[in-house]
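S.K.: Input: one structure, supplied below.
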Amino acid sequence: MTASAKTLKLLFVSTPVGPLGSGLGGGVELTLYNIAQEMIRRGHQLQIVAPFGSTWNDMPLVQIPGNLQIIAQSQERTAPVTMPENSLLANMWDYARQVQADYDLIVNFAYDWLPFYLTPFFHQAIAHLVSMGSLSNAQDQIIKQLAKQFPDTIGFHTQTQADTFALEQQCPILSNGIDVSLYDFCSQPKQQLAWVGRIAPEKGLEDAVAASQSTNIPLKIMGKIQDESYWQQIQQNYPNAPWEYLGFLSTHEMQQVMRECQALLMTPRWVEAFGNVAIESLACGVPVISYRRGGPAEIIQDGKTGFLVEPDSVPGLIDAIARLFQIDRKTCRQQAQTEFSLLALGDRFENWFYKILDIHG
Ligand code: HBI
């Protein structure tokens with residue numbers, strides 16, 4: 001450890017939509033876990049403020065009770081900020097307020113109004129990792145307001161995602177990363193496709209099922225069912241599609257299925273902030289076929305590590321599936337290893353933290 005690269009005392013405050021390990025937190029759960037793991041490996045001290053019932057027993061958690069926050073993507077753009085009684089979000093941030101003097105930096109992983117609003121009331125620095133694109137006017141406004149005061153403290157995953165907030169300031173773009181060693185390369189896939197993600201309208205699963213029905217290539221579906229009626233509707237609309245739902249799997253189990261697929265299909269209806277599943281797929285050597293929308297459009301090297309398709313075009317997906325022979329699966333794995341490793345992720349986040357604290361690494 002060089003003299004200037006200081007050991008930090010970090011307090012990570014989780015997303016309040018579900019216990020860590022439940023899958024309800026979507027991509028931000030994996031992001032939080034990976035950054036925490038890498039900061040600990042680098043010798044920083046870390047505490048994670050997590051919802052009660054979190055199951056990450058290999059991480060330093062403080063579990064806070066309270067009622068979950070409504071997921072932001074189910075709200076209207078003009079929806080007012082809502083707080084349930086005995087709000088978990090409020091309880092987590094009251095804890096953070098009480099212990100803030102014990103830490104050099106607090107890092108917020110919630111896509112909620114409160115932590116952004118509270119920032120000027122804290123005497124400790126707070127970094128915000130914005131985990132989704134623009135969804136509501138109230139959230140846009142509070143992010144805009146904070147970006148004016150502390151532009152270095154608002155981090156995004158991709159420029160496309162940051163652009164949805166139309167900020168005047170240029171804020172840090174952090175990409176994302178995974179522990180590539182957890183994903184096993186496979187050179188000879190089976191005749192099957194993968195779709196991985198929260199089963200909810202913004203993820204556009206129906207298009208992947210439609211493509212599976214048209215090509216008659218089996219589709220392995222993995223992820224948390226967040227919207228049951230949406231899932232039921234898909235099953236009714238595509239009764240003959242050869243899909244199989246495998247549930248919400250651990251990273252190890254998911255990659256065991258993913259790696260044997262010809263491709264991952266990504267069908268986002270919204271501007272996906274990043275798309276963790278895209279780099280998980282690349283790590284397995286699996287090309288990604290995705291709508292040219294949001295994070296995946298900045299990750300996939302069109303024609304080299306997958307294909308970018310006209311948004312919402314099922315024929316586009318089918319055409320890309322027919323061209324998969326053009327992709328060298330080893331190139332996919334290599335991109336994950338160079339751009340999206342834990343080392344690359346850790347450098348980006350550590351440099352962000354040092355910059356906020358004005359420590360020159
Ligand atoms: N909704 N209100 C709210 N707060 C969050 O932190 C949140 C969310 N919806 C989804 C979500 N976080 C994560 O799944 C994404 O950030 C990836």
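Letters A, B, ... go to the chains of the structure tokens in the order shown; residues in each chain start at 1; ligands are counted from 1 in the same order.
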List as a PyMOL selection string the protein and nucleic acid residues near Val309 in chain A, meaning an atom at most 6 Å away when only C-alpha atoms are counted, but skip any in the same chain fewer than 3 places from it.
M.R.: chain A and resi 290-292+316
S.K.: Quick one: pick out all strand (DSSP E) residues within range 125-255 of chain A from a backbone DSSP run and write them as number ranges by chain.
M.R.: A: 125-129, 154-155, 193-196, 219-222, 243-245
S.K.: Using the selection just defined, write its residues with C-alpha atoms as a PDB file, in the first residue's frame.
M.R.:
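Output (again.pdb):
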```pdb
ATOM      1  CA  ALA A 125     -19.346  12.732   2.642  1.00  0.00           C
ATOM      2  CA  ILE A 126     -21.944  10.581   0.840  1.00  0.00           C
ATOM      3  CA  ALA A 127     -21.338   8.998  -2.587  1.00  0.00           C
ATOM      4  CA  HIS A 128     -24.416   7.916  -4.559  1.00  0.00           C
ATOM      5  CA  LEU A 129     -24.341   5.068  -7.067  1.00  0.00           C
ATOM      6  CA  ILE A 154     -23.127  11.151  -8.148  1.00  0.00           C
ATOM      7  CA  GLY A 155     -21.906   8.028  -9.960  1.00  0.00           C
ATOM      8  CA  LEU A 193     -30.720 -19.669 -25.468  1.00  0.00           C
ATOM      9  CA  ALA A 194     -30.715 -17.884 -22.106  1.00  0.00           C
ATOM     10  CA  TRP A 195     -32.733 -15.023 -20.650  1.00  0.00           C
ATOM     11  CA  VAL A 196     -31.744 -13.791 -17.176  1.00  0.00           C
ATOM     12  CA  LEU A 219     -35.137 -20.715 -23.917  1.00  0.00           C
ATOM     13  CA  LYS A 220     -33.743 -21.118 -20.374  1.00  0.00           C
ATOM     14  CA  ILE A 221     -35.334 -18.394 -18.210  1.00  0.00           C
ATOM     15  CA  MET A 222     -33.692 -17.496 -14.879  1.00  0.00           C
ATOM     16  CA  TRP A 243     -39.240 -22.174 -22.594  1.00  0.00           C
ATOM     17  CA  GLU A 244     -38.158 -23.544 -19.245  1.00  0.00           C
ATOM     18  CA  TYR A 245     -38.237 -21.423 -16.057  1.00  0.00           C
TER      19      TYR A 245
END
```
S.K.: Which residues form the shell of 7 Å around ligand 1 when you count only C-alpha atoms and all ligand atoms, given as a PyMOL selection string?
M.R.: chain A and resi 15-17+24-28+69-73+109-112+131-132
S.K.: Can you pull out the residues contacting Gly303 in chain A? Cut-off 12 Å, using only C-alpha atoms, and skip same-chain residues under 6 positions away; I want them as JSON, numbers by chain.
M.R.: {"A": [287, 288, 289, 290, 309, 320, 321, 323, 324, 325, 326, 327, 328, 329, 331, 332]}
S.K.: Take the selection from the previous step and output its residues with N, CA and C atoms, as a compact mmCIF listing (two decimals), in the first residue's frame.
M.R.:
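File produced: part-v1.txt:
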```txt
# COMPACT_ATOMS: atom_id res chain seq x y z
N PRO A 287 -22.11 -15.13 -26.31
CA PRO A 287 -22.41 -13.87 -26.98
C PRO A 287 -23.74 -13.30 -26.47
N VAL A 288 -23.87 -11.97 -26.55
CA VAL A 288 -25.10 -11.32 -26.08
C VAL A 288 -25.82 -10.69 -27.27
N ILE A 289 -27.08 -11.05 -27.42
CA ILE A 289 -27.94 -10.40 -28.43
C ILE A 289 -28.86 -9.48 -27.65
N SER A 290 -28.75 -8.17 -27.90
CA SER A 290 -29.53 -7.22 -27.10
C SER A 290 -30.10 -6.11 -27.97
N VAL A 309 -29.43 -5.04 -31.70
CA VAL A 309 -30.61 -5.21 -32.55
C VAL A 309 -31.52 -4.00 -32.42
N ALA A 320 -30.38 -12.11 -35.69
CA ALA A 320 -29.09 -12.15 -34.96
C ALA A 320 -28.79 -13.58 -34.52
N ILE A 321 -29.81 -14.31 -34.08
CA ILE A 321 -29.62 -15.71 -33.65
C ILE A 321 -29.03 -16.52 -34.80
N ARG A 323 -27.03 -15.53 -36.98
CA ARG A 323 -25.66 -15.11 -37.33
C ARG A 323 -24.66 -15.43 -36.21
N LEU A 324 -25.09 -16.18 -35.22
CA LEU A 324 -24.22 -16.44 -34.06
C LEU A 324 -22.92 -17.16 -34.44
N PHE A 325 -22.95 -17.90 -35.57
CA PHE A 325 -21.74 -18.62 -35.97
C PHE A 325 -20.57 -17.66 -36.23
N GLN A 326 -20.89 -16.35 -36.44
CA GLN A 326 -19.83 -15.36 -36.74
C GLN A 326 -19.03 -14.99 -35.48
N ILE A 327 -19.55 -15.35 -34.30
CA ILE A 327 -18.92 -14.88 -33.06
C ILE A 327 -17.95 -15.94 -32.51
N ASP A 328 -16.75 -15.47 -32.15
CA ASP A 328 -15.77 -16.35 -31.47
C ASP A 328 -16.00 -16.23 -29.96
N ARG A 329 -16.42 -17.31 -29.32
CA ARG A 329 -16.79 -17.27 -27.91
C ARG A 329 -15.60 -16.87 -27.02
N THR A 331 -13.52 -14.55 -27.62
CA THR A 331 -13.47 -13.07 -27.62
C THR A 331 -14.39 -12.50 -26.55
N CYS A 332 -15.52 -13.19 -26.35
CA CYS A 332 -16.47 -12.75 -25.31
C CYS A 332 -15.80 -12.83 -23.94
```
S.K.: Which residues, written as an mmCIF file with C-alpha atoms, in the first residue's frame, have at least one atom at most 12 Å from Asp179 in chain A, with only C-alpha atoms counted and residues fewer than 2 positions away on the same chain left out?
M.R.:
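The resulting around_21.cif:
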```
data_model
loop_
_atom_site.group_PDB
_atom_site.id
_atom_site.type_symbol
_atom_site.label_atom_id
_atom_site.label_comp_id
_atom_site.auth_asym_id
_atom_site.auth_seq_id
_atom_site.Cartn_x
_atom_site.Cartn_y
_atom_site.Cartn_z
ATOM 1 C CA LEU A 30 -24.594 -8.142 -7.327
ATOM 2 C CA THR A 31 -22.930 -4.732 -7.785
ATOM 3 C CA TYR A 33 -21.526 -7.481 -3.284
ATOM 4 C CA ASN A 34 -18.721 -7.214 -5.840
ATOM 5 C CA ILE A 35 -17.617 -3.733 -4.826
ATOM 6 C CA ALA A 36 -17.725 -4.666 -1.124
ATOM 7 C CA GLN A 37 -15.687 -7.826 -1.764
ATOM 8 C CA GLU A 38 -13.077 -5.901 -3.760
ATOM 9 C CA ASN A 176 -19.532 -2.269 -13.564
ATOM 10 C CA GLY A 177 -17.680 -5.531 -12.947
ATOM 11 C CA SER A 181 -13.333 -16.457 -11.901
ATOM 12 C CA LEU A 182 -16.856 -17.502 -10.812
ATOM 13 C CA TYR A 183 -17.872 -18.031 -14.460
ATOM 14 C CA ASP A 184 -16.645 -21.063 -16.419
ATOM 15 C CA THR A 251 -24.444 -17.020 -9.474
ATOM 16 C CA HIS A 252 -22.811 -20.470 -9.522
ATOM 17 C CA ASN A 276 -24.937 -7.056 -15.243
ATOM 18 C CA ILE A 279 -20.987 -9.188 -18.585
ATOM 19 C CA GLU A 280 -21.870 -12.419 -16.762
ATOM 20 C CA ALA A 283 -17.530 -14.150 -18.838
ATOM 21 C CA CYS A 284 -18.980 -17.563 -19.786
ATOM 22 C CA ALA A 336 -15.043 -9.709 -19.630
ATOM 23 C CA GLN A 337 -11.510 -10.321 -18.320
ATOM 24 C CA THR A 338 -10.070 -7.015 -19.516
ATOM 25 C CA GLU A 339 -12.947 -4.547 -19.106
ATOM 26 C CA PHE A 340 -15.204 -5.988 -16.408
ATOM 27 C CA SER A 341 -12.994 -7.777 -13.884
ATOM 28 C CA LEU A 342 -13.147 -7.068 -10.140
ATOM 29 C CA LEU A 343 -9.730 -5.464 -10.485
ATOM 30 C CA ALA A 344 -10.983 -3.006 -13.115
ATOM 31 C CA LEU A 345 -14.136 -2.390 -11.056
ATOM 32 C CA GLY A 346 -12.144 -1.855 -7.868
#
```
S.K.: Pick out the residues sitting within 6 Å of Gly223 in chain A, and hand them over as a VMD selection string; count only C-alpha atoms, and ignore anything fewer than 2 positions along from it in its own chain.
M.R.: chain A and resid 196 to 198 247 to 248
S.K.: Using only N, CA, C and O atoms, please write the residues we just selected to a file, as an mmCIF file, in the first residue's frame.
M.R.:
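Result saved to selection.cif:
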```cif
data_model
loop_
_atom_site.group_PDB
_atom_site.id
_atom_site.type_symbol
_atom_site.label_atom_id
_atom_site.label_comp_id
_atom_site.auth_asym_id
_atom_site.auth_seq_id
_atom_site.Cartn_x
_atom_site.Cartn_y
_atom_site.Cartn_z
ATOM 1 N N VAL A 196 -31.968 -13.897 -18.622
ATOM 2 C CA VAL A 196 -31.744 -13.791 -17.176
ATOM 3 C C VAL A 196 -32.125 -12.386 -16.707
ATOM 4 O O VAL A 196 -31.704 -11.395 -17.313
ATOM 5 N N GLY A 197 -32.934 -12.303 -15.637
ATOM 6 C CA GLY A 197 -33.283 -10.982 -15.103
ATOM 7 C C GLY A 197 -34.537 -11.046 -14.262
ATOM 8 O O GLY A 197 -35.196 -12.087 -14.183
ATOM 9 N N ARG A 198 -34.868 -9.912 -13.638
ATOM 10 C CA ARG A 198 -36.122 -9.826 -12.893
ATOM 11 C C ARG A 198 -37.263 -9.965 -13.901
ATOM 12 O O ARG A 198 -37.220 -9.323 -14.958
ATOM 13 N N GLY A 247 -36.072 -20.554 -12.182
ATOM 14 C CA GLY A 247 -36.096 -19.891 -10.874
ATOM 15 C C GLY A 247 -34.980 -18.873 -10.714
ATOM 16 O O GLY A 247 -34.238 -18.582 -11.653
ATOM 17 N N PHE A 248 -34.889 -18.324 -9.493
ATOM 18 C CA PHE A 248 -33.822 -17.360 -9.176
ATOM 19 C C PHE A 248 -32.659 -18.174 -8.622
ATOM 20 O O PHE A 248 -32.770 -18.753 -7.541
#
```
S.K.: For the interface of range 224-340 of chain A with range 133-146 of chain A (cut-off 7 Å, counting only C-alpha atoms), please tabulate each contacting residue of range 224-340 of chain A alongside its nearest pair of atoms and their separation in Å to one decimal, rows sorted by chain and increasing number, as a tab-separated table.
M.R.:
```
residue	atom	partner	partner_atom	distance
A:Val271	CA	A:Gly133	CA	6.0
A:Glu272	CA	A:Gly133	CA	6.8
A:Ala273	CA	A:Gly133	CA	5.5
```
S.K.: Near Ala96 in chain A, within 8 Å and counting only C-alpha atoms, which residues show up once chain neighbours fewer than 4 positions away are dropped, as number ranges by chain?
M.R.: A: 11, 13, 49, 92, 100, 106
S.K.: Within range 52-227 of chain A, find each residue whose DSSP state, derived from the backbone, is helix (DSSP H, G or I), and express the selection as a ChimeraX atom specification.
M.R.: /A:72-74,88-102,113-121,137-149,151-153,159-163,180-182,201-203,205-215
S.K.: Which residues are near Asp358 in chain A? Cut-off 12 Å, only C-alpha atoms, ignore same chain within fewer than 6 positions. Put them as a PDB file with C-alpha atoms, in the first residue's frame.
M.R.:
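Everything below was put into out.pdb:
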```
ATOM      1  CA  SER A   4      -0.860   8.206  -0.368  1.00  0.00           C
ATOM      2  CA  ALA A   5      -3.329   5.363  -1.040  1.00  0.00           C
ATOM      3  CA  LYS A   6      -5.130   5.601   2.318  1.00  0.00           C
ATOM      4  CA  ASP A 104     -14.532   8.330   5.937  1.00  0.00           C
ATOM      5  CA  LEU A 105     -17.263   7.885   3.332  1.00  0.00           C
ATOM      6  CA  ALA A 125     -19.346  12.732   2.642  1.00  0.00           C
ATOM      7  CA  ASP A 152     -18.278  14.253  -8.141  1.00  0.00           C
ATOM      8  CA  THR A 153     -20.453  12.323  -5.676  1.00  0.00           C
ATOM      9  CA  GLU A 350     -11.432   3.289  -5.371  1.00  0.00           C
ATOM     10  CA  ASN A 351     -10.367   6.201  -7.599  1.00  0.00           C
ATOM     11  CA  TRP A 352     -13.907   7.621  -7.326  1.00  0.00           C
TER      12      TRP A 352
END
```
S.K.: Name the closest residue to Ile356 in chain A among the candidates A:Phe165, A:Tyr230, A:Phe150, A:Phe307; distances are taken between atoms, counting only C-alpha atoms.
M.R.: A:Phe150
S.K.: So, with only C-alpha atoms as the atoms that count, which of A:Val62, A:Phe353, A:Ala211, A:His157 lies closest to Met39 in chain A?
M.R.: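 With only C-alpha atoms as the atom set, the closest residue is A:Phe353.
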S.K.: Please compute the CA of Gly21 in chain A-CA of Arg41 in chain A distance, one decimal, in Å.
M.R.: 20.6 Å
